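What follows is a short report on a single structure.
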Amino acid sequence: MSEKIITRFAPSPTGNPHLGSLRNALYSWLVARQSGGKFLLRIEDTDRKRLKEESADQIIEMLKWTGLDWDEDVVYQSDRKGVYREYAEKLVETGKAYYCFCSPEDLQNMRKEQLEKGLKPGYDGRCARLTLDEVNKKIKDGLPKAIRFKMPDGGEIEGVDIIKGRVVFQAESQEDFIILKADGYPTYHLASVVDDHLFGVNYVLRSEEWLSSLPKHIKIYEALGWSLPRFAHLPLILAPDKSKLSKRHGAVSVFDFRDEGILPEALINFVLLLGWHPKKGDEQEIFSRDEMLEKFRLDDVQTSPAIFDREKLEWINGVYIRKLSLSKLADLSKPFFERAGIDIGDRDLEKIVSLEQQRIRKLTEIPEKVSFVFQLPEYESDLLVWKKSDKKNTKKALSDLYVWLESIPEEKWNKEYLEDNIKTKIEENGWGMGDVLWPMRVALTGMRHSPGPFECADVLGREETLRRIKQAGEKLSSEYDK
Ligand code: GLU
C-alpha cells in the first residue's frame, strides 16, 4: 500500500489570505486526500508584531468557502510556547544552540560595523563564545535572552525538493539564527520543524520564498535526531509583467475575488493551474474536484513562476456560472443585487438571471446587465432606429408591434409563443426582422447590447412590455413631429 501522506497548511495570520496561500492549501489538501492521509491546519501566530486579529478566522473562512476540509483540531502555535521552549532548551543542553544576550542595539551596531568594513552583515557568533560563568552571570542579572541555533562554519548543506530536485547551500553563508526569541515565542524555523515532526507531517509544501530556510530546517531536524519530511517549494505567482502580484493588479486577497463574484469552484480550478498542468497532450482546463484528485501530481509542478492571468480566471468562472442551476445562480446573485441597491421585491429572480447566465463571467455583472428589468434606463430615441431603417418606419413598426402584442393573452405570454407569433406577424406584414425586433429590444431595455427581445418581454411580463413599447413610440412621435 502506498504511503499515507500527512500535509499541513500553516499560514501566518498576518493579513487577508491571498492566492498563494490558497494554492498551498489546495496542493497540500490534494496530496493528502489522494493518499488517504491527513490534511492539518496550523495557525503560525508566533510573530506577535505582524499578527492581525481577524486573520486566523479569515483563513478558516477561506478553507470553508473553498471546501478544503481539514482533519483534527486547528493548532494555534501561540498555545504551545512551552513545547517550543522545551526543544530549544534541549538544543542548548546538547550544545547545538546557545543563549544570546545581544540587544537590538547590539545587533544594529554589529551590522553597521560589518557594513563599514565591507563585510557581509550577519550574526558574528559572539554569544557562542561566552564562557559558562559569563552566561550564568548574565542570566542572574536578568538580561533578556534569546536562543540561537548554531550553524556549521563550512561545508555544504544538501536538501532534496520534490519539484526542484537536489538543492545545495553553502554553510558558510548561513548565520546562527534565533529559534526562541527573548519574548518567549519561537521563531518560524523552530516552531514549524517541531510541529511538523510532532504531528507526523511527512510532506511539507510551502511557497518558494521559504526555500532559503531549508538549510536551517534541515539542521534543526538533524540536531534533534529527527528524520526529514519531504519538501516541495511551490513556484512564485507573478503578475503578467513578471512583477510581484500586488493590489495594483486588482484583487489579490481571496475575499476580493469572492466580492467580485468569482465562484469558489472556479477559483480553486484556477489556482490548481497556477503552477501545475496535466501532462503534455492533455489540454483539459476545467477540473472537477474528483478529476483534480485523480490527475494532480506534485512532481509535475513547474519550477518556473506561475503567471496570474485574470482573463483566464474570468473565463473559468464563466464556465462554472453556466454549470449552475438557475435556482443556485439566483441565490448566489442576491447579495450582488443588494449591493447594487436593486430591490428584487417579489420578482422571479431565476427568470431574470437566466437572461445573462450564458454571457456573464462574474456575478457582479448580473445586476448591472439586468438592471433594465427594474428600471428602464434613459436612452436616445435614435437608438430605436435600426441601421437599415428610419424614424418614420420605426414608429410604424412599433405601433404594429404594439397591436400584435396586445392581442397575445397573459396565459400565452412566454418566450417561445411570443417569438413564434411575432415573427410570423412580421413576415405576414412584409417587415424585415430587424425593422421590428431592433426597436422592440431597445424599447424594452434602453440598451444597445442586451439579451434578445423575446426573453426580455417574457421577463418583463405583458403589462410592462406593452407600456415600454408604447413609451418608445411616444418618444419617437414627439421627436418625429418636431
Ligand atoms: N507560516 C508560513 C507562511 O505563512 C508558512 C510556511 C510553511 O508552510 O512552512 O508563509
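Residues are referred to by chain and number: the chain letter is A, B, ... according to the order shown in the C-alpha cells, the number counts from 1 in that chain, and ligands are numbered separately from 1 in the order shown.
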So which residues touch Tyr188 in chain A within 8 Å, counting only C-alpha atoms, skipping near sequence neighbours fewer than 3 positions away, as a ChimeraX atom specification?
/A:44,46,179,191-192
Produce a table with one row for each residue of chain A that has an atom at most 6 Å from any atom of ligand 1, each row naming the nearest atom pair and its distance in Å at one decimal; use only C-alpha atoms and all ligand atoms; arrange rows by chain and rising residue number; format as a Markdown table.
| residue | atom | partner | partner_atom_place_in_ligand_line | distance |
| --- | --- | --- | --- | --- |
| A:Ala10 | CA | ligand 1 | 8 (O) | 4.7 |
| A:Pro11 | CA | ligand 1 | 4 (O) | 3.5 |
| A:Ser12 | CA | ligand 1 | 4 (O) | 3.9 |
| A:Glu44 | CA | ligand 1 | 1 (N) | 5.2 |
| A:Arg206 | CA | ligand 1 | 8 (O) | 4.4 |
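Residues lying within 9 Å of range 342-354 of chain A, counting only C-alpha atoms and ignoring same-chain neighbours fewer than 2 positions away, are A:Leu326, A:Ser327, A:Lys328, A:Leu329, A:Ala330, A:Asp331, A:Ser333, A:Lys334, A:Phe336, A:Phe337, A:Glu338, A:Arg339, A:Ala340, A:Glu356, A:Gln357, A:Gln358, A:Ile366, A:Pro367, A:Val370, A:Ser371, A:Val373, A:Phe374, A:Cys456, A:Asp458, A:Val459, A:Leu460.
Taking CA of Val252 in chain A and CA of Trp210 in chain A as endpoints, the distance between them is 20.2 Å.
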So that I can check the surroundings of Thr14 in chain A, please list as a list in words every protein, DNA and RNA residue that reaches within 6 Å of it, counting only C-alpha atoms and ignoring chain neighbours fewer than 5 positions away.
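Those residues are Arg50, Leu51 and Lys52 of chain A.
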Based on the selection just made, write N, CA, C and O atoms of those residues as a CSV table (one decimal), in the first residue's frame.
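Output below, filename part-v3.csv:
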chain,number,residue,atom,x,y,z
A,50,ARG,N,3.4,41.1,13.8
A,50,ARG,CA,2.8,41.1,12.5
A,50,ARG,C,1.3,40.5,12.5
A,50,ARG,O,0.6,40.5,11.5
A,51,LEU,N,1.0,40.1,13.7
A,51,LEU,CA,-0.4,39.4,13.9
A,51,LEU,C,-1.5,40.4,13.5
A,51,LEU,O,-1.5,41.5,14.0
A,52,LYS,N,-2.5,39.9,12.8
A,52,LYS,CA,-3.7,40.7,12.6
A,52,LYS,C,-4.9,39.8,13.2
A,52,LYS,O,-5.1,38.7,12.8
Write down as an NGL selection string the residues of range 150-241 of chain A whose backbone DSSP state falls under alpha helix (DSSP H).
:A and (188-198 or 214-224)
Can you measure CA of Glu172 in chain A to CA of Gly154 in chain A for me? One decimal in Å is fine.
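Here the two named atoms are 4.8 Å from each other.
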Here is a test: counting only C-alpha atoms, which residue of A:Thr66, A:Gln114, A:Thr364, A:Ser213 is nearest to Arg23 in chain A?
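Selected residue with least distance to Arg23 in chain A: A:Thr66.
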Surrounding residues of Tyr320 in chain A excluding itself and chain neighbours under 4 positions, 10 Å, only C-alpha atoms, as a VMD selection string:
chain A and resid 262 to 267 269 286 314 to 316 324 361 to 362
Enumerate as a ChimeraX atom specification all residues of range 90-326 of chain A assigned to strand (DSSP E or B) by DSSP on the backbone, naming them with the chain letters and numbers the document uses.
/A:97-100,146-149,156-161,165-170,177-180,186,203-207,230-234,237-238,244,253,306-307
Would you mind listing what lies within 9 Å of Phe101 in chain A as a count of residues only, with only C-alpha atoms counted and same-chain residues fewer than 6 positions away left out?
10
Would you pick out the contacts of range 292-308 of chain A at 7 Å or less, using only C-alpha atoms, so that residues sharing its chain but fewer than 2 positions from it are not included, and give the list as number ranges by chain?
A: 30, 34, 162-164, 235-240, 274-276, 278, 287-290, 310
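Distance-wise, CA of Glu156 in chain A and CA of Val168 in chain A end up 6.5 Å apart.
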Give the answer as one residue: which of A:Asp241, A:Val92, A:Gly452, A:Lys391 has the shortest atom-to-atom distance to Glu419 in chain A, using only C-alpha atoms?
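The closest residue to Glu419 in chain A is A:Gly452.
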Tell me which of A:Lys96, A:Tyr123, A:Tyr203, A:Val167 sits closest to Ala32 in chain A, counting only C-alpha atoms.
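With only C-alpha atoms as the atom set, the closest residue is A:Tyr203.
Between Ile220 in chain A and the residues A:Glu285, A:Val254, A:Asp124, A:Phe149, the shortest atom-to-atom distance, using only C-alpha atoms, involves A:Phe149.
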